[in-house]
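To be precise, the following lines are my_file.cif, and they hold mmCIF, C-alpha atoms and all ligand atoms.
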```cif
data_work
#
loop_
_atom_site.label_atom_id
_atom_site.label_comp_id
_atom_site.auth_asym_id
_atom_site.auth_seq_id
_atom_site.Cartn_x
_atom_site.Cartn_y
_atom_site.Cartn_z
CA MET R 79 93.94 93.40 96.35
CA LEU R 80 93.37 95.81 93.46
CA ARG R 81 90.22 97.88 93.17
CA ILE R 82 89.21 98.55 89.60
CA ALA R 83 86.43 101.01 88.75
CA ILE R 84 84.48 100.46 85.54
CA GLN R 85 81.28 101.95 84.15
CA LYS R 86 78.11 100.48 85.62
CA SER R 87 76.07 100.82 82.45
CA GLY R 88 76.63 102.57 79.17
CA ARG R 89 78.92 102.48 76.17
CA LEU R 90 82.05 101.37 78.05
CA GLN R 91 80.55 98.74 80.33
CA GLU R 92 80.57 95.63 78.16
CA LYS R 93 83.99 96.18 76.60
CA SER R 94 85.58 97.02 79.97
CA LEU R 95 84.18 93.87 81.51
CA ASN R 96 85.15 91.75 78.49
CA LEU R 97 88.70 93.06 78.57
CA LEU R 98 89.12 92.21 82.26
CA ASN R 99 87.60 88.78 81.72
CA GLU R 100 89.85 88.10 78.72
CA CYS R 101 92.69 88.91 81.10
CA GLY R 102 91.43 86.01 83.20
CA LEU R 103 89.94 87.94 86.13
CA GLY R 104 86.65 86.04 86.19
CA ILE R 105 84.08 88.73 86.99
CA ASP R 106 80.39 87.98 87.02
CA ASN R 107 78.28 90.65 85.40
CA GLY R 108 77.34 93.19 88.03
CA LYS R 109 74.15 94.52 86.46
CA SER R 110 72.44 95.02 89.77
CA GLU R 111 75.50 95.19 91.98
CA LEU R 112 77.85 97.97 92.93
CA LYS R 113 80.86 95.75 93.38
CA ALA R 114 82.04 92.25 92.56
CA LEU R 115 85.03 90.13 93.51
CA ALA R 116 87.13 88.69 90.70
CA ARG R 117 87.25 84.88 90.97
CA ASN R 118 90.77 84.38 89.55
CA PHE R 119 92.70 87.51 90.48
CA PRO R 120 93.08 89.53 93.69
CA ALA R 121 90.78 92.30 92.48
CA GLU R 122 87.49 93.88 93.34
CA ILE R 123 85.45 95.63 90.64
CA LEU R 124 83.47 98.78 91.44
CA PHE R 125 80.62 99.61 89.06
CA LEU R 126 80.22 103.40 88.86
CA ARG R 127 79.05 106.24 86.64
CA ASP R 128 81.94 107.13 84.39
CA ASP R 129 81.91 110.75 85.63
CA ASP R 130 82.65 109.58 89.18
CA ILE R 131 85.60 107.35 88.27
CA PRO R 132 88.29 110.09 88.13
CA GLN R 133 87.51 111.22 91.69
CA TYR R 134 87.48 107.66 93.05
CA VAL R 135 90.85 106.93 91.45
CA GLU R 136 92.40 110.23 92.53
CA ASP R 137 91.29 109.61 96.12
CA GLY R 138 92.61 106.04 96.04
CA VAL R 139 89.19 104.51 96.72
CA ALA R 140 89.88 102.72 93.43
CA ASP R 141 93.42 101.96 92.25
CA LEU R 142 92.54 101.69 88.58
CA GLY R 143 89.72 102.86 86.36
CA ILE R 144 88.57 102.40 82.79
CA LEU R 145 86.91 105.41 81.16
CA GLY R 146 86.92 107.76 78.20
CA GLU R 147 89.79 110.20 77.93
CA ASN R 148 87.24 112.99 77.36
CA VAL R 149 85.96 112.57 80.93
CA ILE R 150 89.50 112.63 82.34
CA LEU R 151 90.38 115.82 80.49
CA GLU R 152 87.18 117.47 81.66
CA LYS R 153 87.54 116.47 85.31
CA LYS R 154 91.21 117.49 85.55
CA LYS R 155 92.01 115.08 88.36
CA LYS R 156 95.49 113.89 89.27
CA LEU R 157 95.69 110.49 87.57
CA ASP R 158 98.14 108.50 85.48
CA ILE R 159 96.94 107.24 82.10
CA ILE R 160 98.78 103.91 81.94
CA GLU R 161 97.28 102.31 78.82
CA ARG R 162 95.22 103.29 75.81
CA LEU R 163 92.63 100.60 75.24
CA GLY R 164 91.55 101.23 71.64
CA PHE R 165 87.78 101.07 72.12
CA ALA R 166 85.05 103.74 72.46
CA LYS R 167 86.92 105.90 69.98
CA CYS R 168 85.26 109.26 69.40
CA ARG R 169 86.02 112.95 69.12
CA LEU R 170 84.78 116.04 70.88
CA SER R 171 83.81 118.53 68.20
CA ILE R 172 82.31 121.93 67.73
CA ALA R 173 79.31 121.98 65.42
CA VAL R 174 77.19 124.80 64.03
CA PRO R 175 73.81 124.84 62.27
CA LYS R 176 73.87 123.96 58.59
CA GLY R 177 73.82 127.12 56.50
CA VAL R 178 75.95 129.18 58.89
CA GLU R 179 78.94 130.70 57.12
CA TYR R 180 81.61 129.37 59.41
CA THR R 181 85.06 130.66 58.50
CA ASN R 182 87.42 129.57 61.26
CA VAL R 183 87.60 129.34 65.04
CA HIS R 184 87.32 133.16 65.35
CA TRP R 185 83.74 132.89 64.12
CA LEU R 186 83.02 131.68 67.69
CA GLU R 187 84.06 135.06 69.20
CA GLY R 188 81.20 136.36 71.36
CA LYS R 189 78.95 133.40 70.48
CA LYS R 190 77.09 131.04 72.81
CA ILE R 191 78.36 127.44 72.89
CA ALA R 192 76.34 124.71 74.61
CA THR R 193 78.34 121.77 75.96
CA SER R 194 78.75 119.25 78.77
CA TYR R 195 82.52 119.74 78.48
CA SER R 196 82.99 123.34 79.56
CA ARG R 197 86.58 123.00 80.79
CA ILE R 198 87.81 121.34 77.62
CA VAL R 199 86.01 123.95 75.49
CA GLN R 200 87.40 126.76 77.66
CA ASP R 201 90.96 125.45 77.19
CA PHE R 202 90.42 125.11 73.45
CA LEU R 203 89.09 128.67 73.10
CA ALA R 204 91.91 130.05 75.27
CA ARG R 205 94.49 128.32 73.05
CA HIS R 206 93.00 130.12 70.06
CA GLY R 207 92.52 133.45 71.81
CA VAL R 208 88.74 133.33 71.39
CA ASN R 209 86.21 134.61 73.94
CA ALA R 210 82.84 132.91 73.89
CA ASP R 211 79.97 132.32 76.27
CA ILE R 212 79.92 128.70 77.39
CA HIS R 213 76.57 127.22 78.46
CA GLU R 214 77.07 124.07 80.48
CA ILE R 215 74.22 121.60 79.96
CA SER R 216 74.25 117.97 80.96
CA GLY R 217 72.45 116.30 78.06
CA SER R 218 70.71 116.68 74.69
CA VAL R 219 73.30 119.26 73.73
CA GLU R 220 72.56 118.84 70.03
CA ILE R 221 69.11 120.43 70.28
CA ALA R 222 70.46 123.69 71.84
CA PRO R 223 70.90 125.67 68.59
CA GLY R 224 67.47 124.59 67.31
CA ILE R 225 65.70 125.97 70.39
CA GLY R 226 67.67 129.22 70.41
CA LEU R 227 69.82 128.34 73.43
CA ALA R 228 73.16 128.53 71.64
CA ASP R 229 74.89 129.41 68.35
CA ALA R 230 77.12 126.34 68.42
CA ILE R 231 77.62 123.16 70.42
CA CYS R 232 80.55 121.07 71.51
CA ASP R 233 79.71 117.40 71.92
CA ILE R 234 80.98 113.88 71.36
CA VAL R 235 80.82 112.65 67.78
CA SER R 236 81.32 109.12 66.61
CA THR R 237 79.58 108.45 63.28
CA GLY R 238 78.26 112.02 62.88
CA GLY R 239 74.66 110.74 62.55
CA THR R 240 73.34 112.67 65.57
CA LEU R 241 74.73 115.97 64.29
CA MET R 242 73.32 115.37 60.84
CA SER R 243 69.84 114.51 62.08
CA ASN R 244 69.84 117.75 64.10
CA GLY R 245 70.89 119.90 61.16
CA LEU R 246 74.38 120.55 62.49
CA ILE R 247 77.79 120.50 60.81
CA GLU R 248 81.05 119.61 62.50
CA VAL R 249 83.55 122.46 62.15
CA GLU R 250 86.34 121.87 64.69
CA THR R 251 87.78 118.77 66.34
CA VAL R 252 88.65 119.77 69.88
CA ILE R 253 90.08 116.46 71.13
CA LYS R 254 90.16 112.82 70.09
CA SER R 255 89.30 110.25 72.71
CA GLU R 256 89.29 106.53 73.43
CA ALA R 257 88.89 104.35 76.49
CA VAL R 258 91.98 104.40 78.72
CA LEU R 259 93.19 102.67 81.84
CA VAL R 260 94.00 105.15 84.61
CA ALA R 261 95.81 104.59 87.87
CA ASN R 262 96.12 106.34 91.20
CA THR R 263 99.43 108.21 91.40
CA GLN R 264 100.55 106.82 94.78
CA LEU R 265 100.30 103.07 94.63
CA SER R 266 102.06 100.64 96.97
CA VAL R 267 104.76 98.31 95.64
CA GLU R 268 102.36 95.36 96.04
CA LYS R 269 99.67 97.05 93.98
CA LYS R 270 102.16 98.08 91.32
CA ALA R 271 103.25 94.46 90.99
CA LEU R 272 99.63 93.36 90.50
CA ILE R 273 99.11 96.13 87.94
CA ASP R 274 102.20 95.00 86.01
CA LYS R 275 100.70 91.52 85.86
CA LEU R 276 97.40 92.90 84.60
CA MET R 277 99.14 95.15 82.04
CA PHE R 278 101.08 92.17 80.70
CA ARG R 279 97.78 90.39 80.14
CA ILE R 280 96.12 93.45 78.56
CA ALA R 281 99.03 93.73 76.13
CA ALA R 282 98.60 90.05 75.16
CA VAL R 283 94.85 90.47 74.65
CA ASN R 284 95.21 93.68 72.63
CA LYS R 285 98.05 92.32 70.54
CA ALA R 286 95.98 89.24 69.74
CA ALA R 287 93.01 91.40 68.75
CA ASN R 288 95.23 93.28 66.28
CA ASN R 289 96.63 90.15 64.64
CA LYS R 290 95.37 87.11 62.73
CA TYR R 291 96.79 83.64 62.35
CA ILE R 292 97.03 82.54 58.74
CA LEU R 293 97.51 79.08 57.19
CA LEU R 294 97.93 78.45 53.48
CA ASN R 295 99.09 75.88 50.98
CA ALA R 296 101.98 76.81 48.73
CA PRO R 297 103.56 74.99 45.76
CA ASN R 298 107.20 74.41 46.71
CA ASN R 299 108.48 76.24 43.64
CA LYS R 300 106.70 79.42 44.86
CA LEU R 301 107.61 79.00 48.54
CA GLU R 302 110.37 81.57 48.53
CA GLN R 303 108.19 84.38 47.11
CA ILE R 304 105.32 83.51 49.45
CA ILE R 305 107.55 83.51 52.52
CA GLY R 306 108.97 86.83 51.34
CA VAL R 307 105.51 88.41 51.64
CA LEU R 308 104.84 87.10 55.17
CA PRO R 309 106.12 88.77 58.34
CA GLY R 310 105.56 86.04 61.00
CA MET R 311 106.41 86.36 64.69
CA LYS R 312 109.95 85.03 64.10
CA SER R 313 109.66 83.54 60.64
CA PRO R 314 106.78 81.58 59.09
CA THR R 315 106.41 77.89 59.95
CA VAL R 316 106.70 75.67 56.87
CA MET R 317 105.60 72.01 56.87
CA PRO R 318 105.41 69.52 54.01
CA LEU R 319 101.92 68.50 52.86
CA ALA R 320 101.04 64.87 52.17
CA ILE R 321 100.89 65.76 48.45
CA GLU R 322 104.30 65.85 46.78
CA GLY R 323 105.55 69.35 45.86
CA TRP R 324 103.33 71.32 48.30
CA SER R 325 103.87 72.86 51.74
CA SER R 326 101.68 74.30 54.45
CA VAL R 327 102.77 77.75 55.64
CA HIS R 328 101.65 79.29 58.96
CA SER R 329 102.16 82.87 60.01
CA VAL R 330 100.76 85.87 61.91
CA LEU R 331 99.52 89.00 60.14
CA ALA R 332 98.76 92.44 61.55
CA GLU R 333 95.16 93.50 61.00
CA GLU R 334 96.19 96.72 59.25
CA ASP R 335 98.30 95.04 56.50
CA PHE R 336 96.04 92.04 56.30
CA TRP R 337 94.20 92.48 52.97
CA GLU R 338 97.23 93.82 51.15
CA ILE R 339 99.24 90.72 52.10
CA ILE R 340 96.39 88.36 51.20
CA HIS R 341 96.30 89.86 47.66
CA GLN R 342 100.05 89.38 47.31
CA LEU R 343 99.85 85.79 48.58
CA LYS R 344 97.15 84.93 46.03
CA ALA R 345 99.14 86.58 43.27
CA ASN R 346 102.15 84.45 44.26
CA GLY R 347 100.23 81.16 44.02
CA ALA R 348 99.03 80.55 47.59
CA GLN R 349 95.91 78.39 47.87
CA GLY R 350 93.49 77.29 50.58
CA ILE R 351 94.15 80.35 52.73
CA LEU R 352 92.63 80.09 56.22
CA VAL R 353 92.50 83.03 58.60
CA ILE R 354 91.95 82.40 62.30
CA PRO R 355 91.46 84.84 65.20
CA ILE R 356 94.12 84.71 67.91
CA GLU R 357 92.96 84.66 71.51
CA LYS R 358 96.17 85.70 73.32
CA MET R 359 99.53 86.69 71.92
CA ILE R 360 102.65 86.72 74.10
CA LEU R 361 105.92 87.80 72.60
O1 LIG L 401 75.87 106.82 82.99
P1 LIG L 401 77.26 107.28 82.74
O2 LIG L 401 77.54 108.69 83.22
O3 LIG L 401 78.27 106.27 83.23
O4 LIG L 401 77.45 107.26 81.13
P2 LIG L 401 77.38 108.46 80.09
O5 LIG L 401 75.98 108.58 79.61
O6 LIG L 401 78.08 109.67 80.59
O7 LIG L 401 78.34 107.92 78.95
P3 LIG L 401 78.11 106.93 77.71
O8 LIG L 401 77.92 105.54 78.19
O9 LIG L 401 77.11 107.48 76.75
O10 LIG L 401 79.55 107.08 77.02
C1 LIG L 401 80.70 106.72 77.72
C2 LIG L 401 81.91 107.13 76.90
O11 LIG L 401 81.87 106.53 75.60
C3 LIG L 401 82.03 108.61 76.57
O12 LIG L 401 82.55 109.37 77.66
C4 LIG L 401 82.99 108.60 75.39
O13 LIG L 401 84.32 108.51 75.85
C5 LIG L 401 82.64 107.29 74.68
N1 LIG L 401 81.85 107.44 73.44
C6 LIG L 401 82.20 106.89 72.23
C7 LIG L 401 80.69 108.12 73.27
C8 LIG L 401 80.33 107.97 71.92
N2 LIG L 401 81.28 107.20 71.30
C9 LIG L 401 79.12 108.59 71.44
N3 LIG L 401 78.81 108.47 70.25
N4 LIG L 401 79.91 108.81 74.11
C10 LIG L 401 78.78 109.38 73.67
N5 LIG L 401 78.36 109.31 72.37
C11 LIG L 401 77.06 110.04 72.07
C12 LIG L 401 77.24 111.55 71.91
O14 LIG L 401 77.10 112.20 73.17
C13 LIG L 401 76.13 111.92 70.95
O15 LIG L 401 74.90 112.10 71.61
O16 LIG L 401 76.51 109.60 70.86
C14 LIG L 401 76.02 110.68 70.08
C15 LIG L 401 76.87 110.88 68.86
O17 LIG L 401 77.06 109.69 68.19
P4 LIG L 401 77.06 109.64 66.58
O18 LIG L 401 77.48 108.25 66.25
O19 LIG L 401 75.66 109.95 66.14
O20 LIG L 401 78.06 110.68 66.10
ZN ZN L 402 78.78 110.02 82.32
#
```

Could you write out this structure as structure tokens?
Ligand code: PRT
Ligand code: ZN
Amino acid sequence: MLRIAIQKSGRLQEKSLNLLNECGLGIDNGKSELKALARNFPAEILFLRDDDIPQYVEDGVADLGILGENVILEKKKKLDIIERLGFAKCRLSIAVPKGVEYTNVHWLEGKKIATSYSRIVQDFLARHGVNADIHEISGSVEIAPGIGLADAICDIVSTGGTLMSNGLIEVETVIKSEAVLVANTQLSVEKKALIDKLMFRIAAVNKAANNKYILLNAPNNKLEQIIGVLPGMKSPTVMPLAIEGWSSVHSVLAEEDFWEIIHQLKANGAQGILVIPIEKMIL
């Protein structure tokens, strides 16, 4: 039986739960519960505050956890990051009030920095040989300069909207972060085997999310050029259409090259292009 710790409520909760359910675990939403048994996999889910997950996983109370890398780096626990999950992407940045003449990181020398991430900030300053006064606060960091508590802040930024509405400007990116899967460092052989099974499923789910299935009609005299544009898992599937001189072509496209390839397909005479999401992709 695997114990997997995920966030009880907050930015990571829904995506963590969805990912595990797409991997077939069958977990009922634990809004009011602290733990839940998976229906289709030997796993128990613990719903915790994200800040507590590193300790639970280090101690082996949970075998796996899903949380933001920023929390792991701050807590400095002994854990293995075994997969990057691609959601909850953000950065931890230093910001100063608009109008300040910020030159470079040495501007921070002797200044007060408010943050909930004092260890990460300390490491960053040490790397740059800067001494500053770090004020650890647990929330509403962005108002600190406005009320005279600090000269600068270090906080999580995603769109930058919060900084802007508080009259702050981002000047340094300290770390980039995303949700990751972490594991205890001393797992039994049985647990490792279960984790391998889960990782195989996560890879299939993530691969599917990054790819699209595409179907199109191609005039046979353009087939060669059209196939030349398509990558496909092995090679594209080509089937004759009921209308003489036309074929149906099926393939898989990576999300990142998607639009570029669509333009090239159109330019080469493809018609009736259909794009379909893929649920699981196993290579
Ligand atoms: O209750 P619990 O302790 O479990 O949750 P929490 O309040 O500590 O964390 P939560 O749910 O807010 O965030 C969980 C994780 O999501 C973080 O540790 C990050 O890894 C990640 N994440 C991604 C973010 C953001 N994006 C984000 N935008 N965490 C926080 N923010 C906040 C940020 O603190 C700031 O106040 O959003 C604001 C900035 O957003 P923008 O879009 O205005 O730049
Ligand atoms: Zn938290």

Which residues sit within 6 Å of ligand ZN 402 (chain L), counting all atoms listed in the file, listed as a ChimeraX atom specification? /R:127-129

Step by step, gather every atom of ligand LIG 401 (chain L) that the file lists, find the box along x, y and z that holds them, add 4 Å on each side, and finally give centre and edge lengths in Å to one decimal, as lines of an AutoDock Vina configuration file.
```
center_x = 79.6
center_y = 108.9
center_z = 74.7
size_x = 17.4
size_y = 14.7
size_z = 25.1
```

Within 7 Å of ligand LIG 401 (chain L), counting only C-alpha atoms and all ligand atoms, which protein or nucleic acid residues do you find, written as a tab-separated table (two decimals) with C-alpha atoms, in the frame of the given file?
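The resulting selection09.tsv:
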```tsv
chain	number	residue	atom	x	y	z
R	85	GLN	CA	81.28	101.95	84.15
R	86	LYS	CA	78.11	100.48	85.62
R	87	SER	CA	76.07	100.82	82.45
R	88	GLY	CA	76.63	102.57	79.17
R	89	ARG	CA	78.92	102.48	76.17
R	90	LEU	CA	82.05	101.37	78.05
R	126	LEU	CA	80.22	103.40	88.86
R	127	ARG	CA	79.05	106.24	86.64
R	128	ASP	CA	81.94	107.13	84.39
R	129	ASP	CA	81.91	110.75	85.63
R	145	LEU	CA	86.91	105.41	81.16
R	146	GLY	CA	86.92	107.76	78.20
R	147	GLU	CA	89.79	110.20	77.93
R	148	ASN	CA	87.24	112.99	77.36
R	149	VAL	CA	85.96	112.57	80.93
R	166	ALA	CA	85.05	103.74	72.46
R	167	LYS	CA	86.92	105.90	69.98
R	168	CYS	CA	85.26	109.26	69.40
R	218	SER	CA	70.71	116.68	74.69
R	233	ASP	CA	79.71	117.40	71.92
R	234	ILE	CA	80.98	113.88	71.36
R	235	VAL	CA	80.82	112.65	67.78
R	236	SER	CA	81.32	109.12	66.61
R	237	THR	CA	79.58	108.45	63.28
R	238	GLY	CA	78.26	112.02	62.88
R	239	GLY	CA	74.66	110.74	62.55
R	240	THR	CA	73.34	112.67	65.57
R	241	LEU	CA	74.73	115.97	64.29
R	255	SER	CA	89.30	110.25	72.71
R	256	GLU	CA	89.29	106.53	73.43
R	257	ALA	CA	88.89	104.35	76.49
```

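Using all atoms listed in the file, the shortest contact distance between Ile198 of chain R and any of R:Lys113, R:Pro223, R:Ile253, R:Ala320 is found at R:Ile253.
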
Give me, please, the distance in Å between atom CA of Tyr134 of chain R and atom CA of Glu111 of chain R, quoted to one decimal. 17.3 Å

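Counting from atom CA of Gln91 of chain R, the distance to atom CA of Gly164 of chain R is 14.2 Å.
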
Applying 8 Å and only C-alpha atoms, which residues near segment 224-227 of chain R remain after dropping the ones on its own chain fewer than 5 positions away? List them as a list of chain:residue names. R:Lys190, R:Ala192, R:Asn244

Fewer than 5 positions away in the same chain doesn't count, so skip those; otherwise give me all residues within 12 Å of Arg117 of chain R, counting all atoms listed in the file, as a ChimeraX atom specification. /R:98-99,101-106,122-123

Got a moment to write segment 277-292 of chain R out with N, CA and C atoms, as a PDB file, in the first residue's frame?
```pdb
ATOM      1  N   MET R 277       4.310   5.678 -12.018  1.00  0.00           N
ATOM      2  CA  MET R 277       5.105   6.576 -12.878  1.00  0.00           C
ATOM      3  C   MET R 277       4.855   6.281 -14.355  1.00  0.00           C
ATOM      4  N   PHE R 278       4.687   5.003 -14.660  1.00  0.00           N
ATOM      5  CA  PHE R 278       4.367   4.607 -16.039  1.00  0.00           C
ATOM      6  C   PHE R 278       3.054   5.266 -16.464  1.00  0.00           C
ATOM      7  N   ARG R 279       2.089   5.247 -15.559  1.00  0.00           N
ATOM      8  CA  ARG R 279       0.782   5.846 -15.875  1.00  0.00           C
ATOM      9  C   ARG R 279       0.882   7.368 -15.971  1.00  0.00           C
ATOM     10  N   ILE R 280       1.659   7.980 -15.077  1.00  0.00           N
ATOM     11  CA  ILE R 280       1.816   9.446 -15.123  1.00  0.00           C
ATOM     12  C   ILE R 280       2.450   9.848 -16.456  1.00  0.00           C
ATOM     13  N   ALA R 281       3.440   9.068 -16.889  1.00  0.00           N
ATOM     14  CA  ALA R 281       4.093   9.387 -18.168  1.00  0.00           C
ATOM     15  C   ALA R 281       3.082   9.323 -19.305  1.00  0.00           C
ATOM     16  N   ALA R 282       2.211   8.307 -19.282  1.00  0.00           N
ATOM     17  CA  ALA R 282       1.199   8.167 -20.344  1.00  0.00           C
ATOM     18  C   ALA R 282       0.208   9.331 -20.322  1.00  0.00           C
ATOM     19  N   VAL R 283      -0.182   9.757 -19.134  1.00  0.00           N
ATOM     20  CA  VAL R 283      -1.137  10.864 -19.009  1.00  0.00           C
ATOM     21  C   VAL R 283      -0.483  12.167 -19.477  1.00  0.00           C
ATOM     22  N   ASN R 284       0.752  12.408 -19.029  1.00  0.00           N
ATOM     23  CA  ASN R 284       1.421  13.661 -19.392  1.00  0.00           C
ATOM     24  C   ASN R 284       1.756  13.719 -20.872  1.00  0.00           C
ATOM     25  N   LYS R 285       2.178  12.585 -21.406  1.00  0.00           N
ATOM     26  CA  LYS R 285       2.489  12.522 -22.839  1.00  0.00           C
ATOM     27  C   LYS R 285       1.222  12.830 -23.647  1.00  0.00           C
ATOM     28  N   ALA R 286       0.119  12.239 -23.226  1.00  0.00           N
ATOM     29  CA  ALA R 286      -1.148  12.473 -23.930  1.00  0.00           C
ATOM     30  C   ALA R 286      -1.524  13.947 -23.872  1.00  0.00           C
ATOM     31  N   ALA R 287      -1.317  14.573 -22.710  1.00  0.00           N
ATOM     32  CA  ALA R 287      -1.690  15.979 -22.557  1.00  0.00           C
ATOM     33  C   ALA R 287      -0.851  16.870 -23.468  1.00  0.00           C
ATOM     34  N   ASN R 288       0.351  16.404 -23.816  1.00  0.00           N
ATOM     35  CA  ASN R 288       1.236  17.230 -24.652  1.00  0.00           C
ATOM     36  C   ASN R 288       1.117  16.922 -26.134  1.00  0.00           C
ATOM     37  N   ASN R 289       0.177  16.053 -26.492  1.00  0.00           N
ATOM     38  CA  ASN R 289       0.025  15.673 -27.894  1.00  0.00           C
ATOM     39  C   ASN R 289      -1.434  15.719 -28.328  1.00  0.00           C
ATOM     40  N   LYS R 290      -1.640  15.826 -29.637  1.00  0.00           N
ATOM     41  CA  LYS R 290      -2.999  15.845 -30.199  1.00  0.00           C
ATOM     42  C   LYS R 290      -3.065  14.837 -31.336  1.00  0.00           C
ATOM     43  N   TYR R 291      -4.230  14.230 -31.471  1.00  0.00           N
ATOM     44  CA  TYR R 291      -4.458  13.320 -32.590  1.00  0.00           C
ATOM     45  C   TYR R 291      -5.044  14.136 -33.730  1.00  0.00           C
ATOM     46  N   ILE R 292      -4.543  13.927 -34.931  1.00  0.00           N
ATOM     47  CA  ILE R 292      -5.020  14.740 -36.055  1.00  0.00           C
ATOM     48  C   ILE R 292      -5.464  13.845 -37.208  1.00  0.00           C
TER      49      ILE R 292
END
```
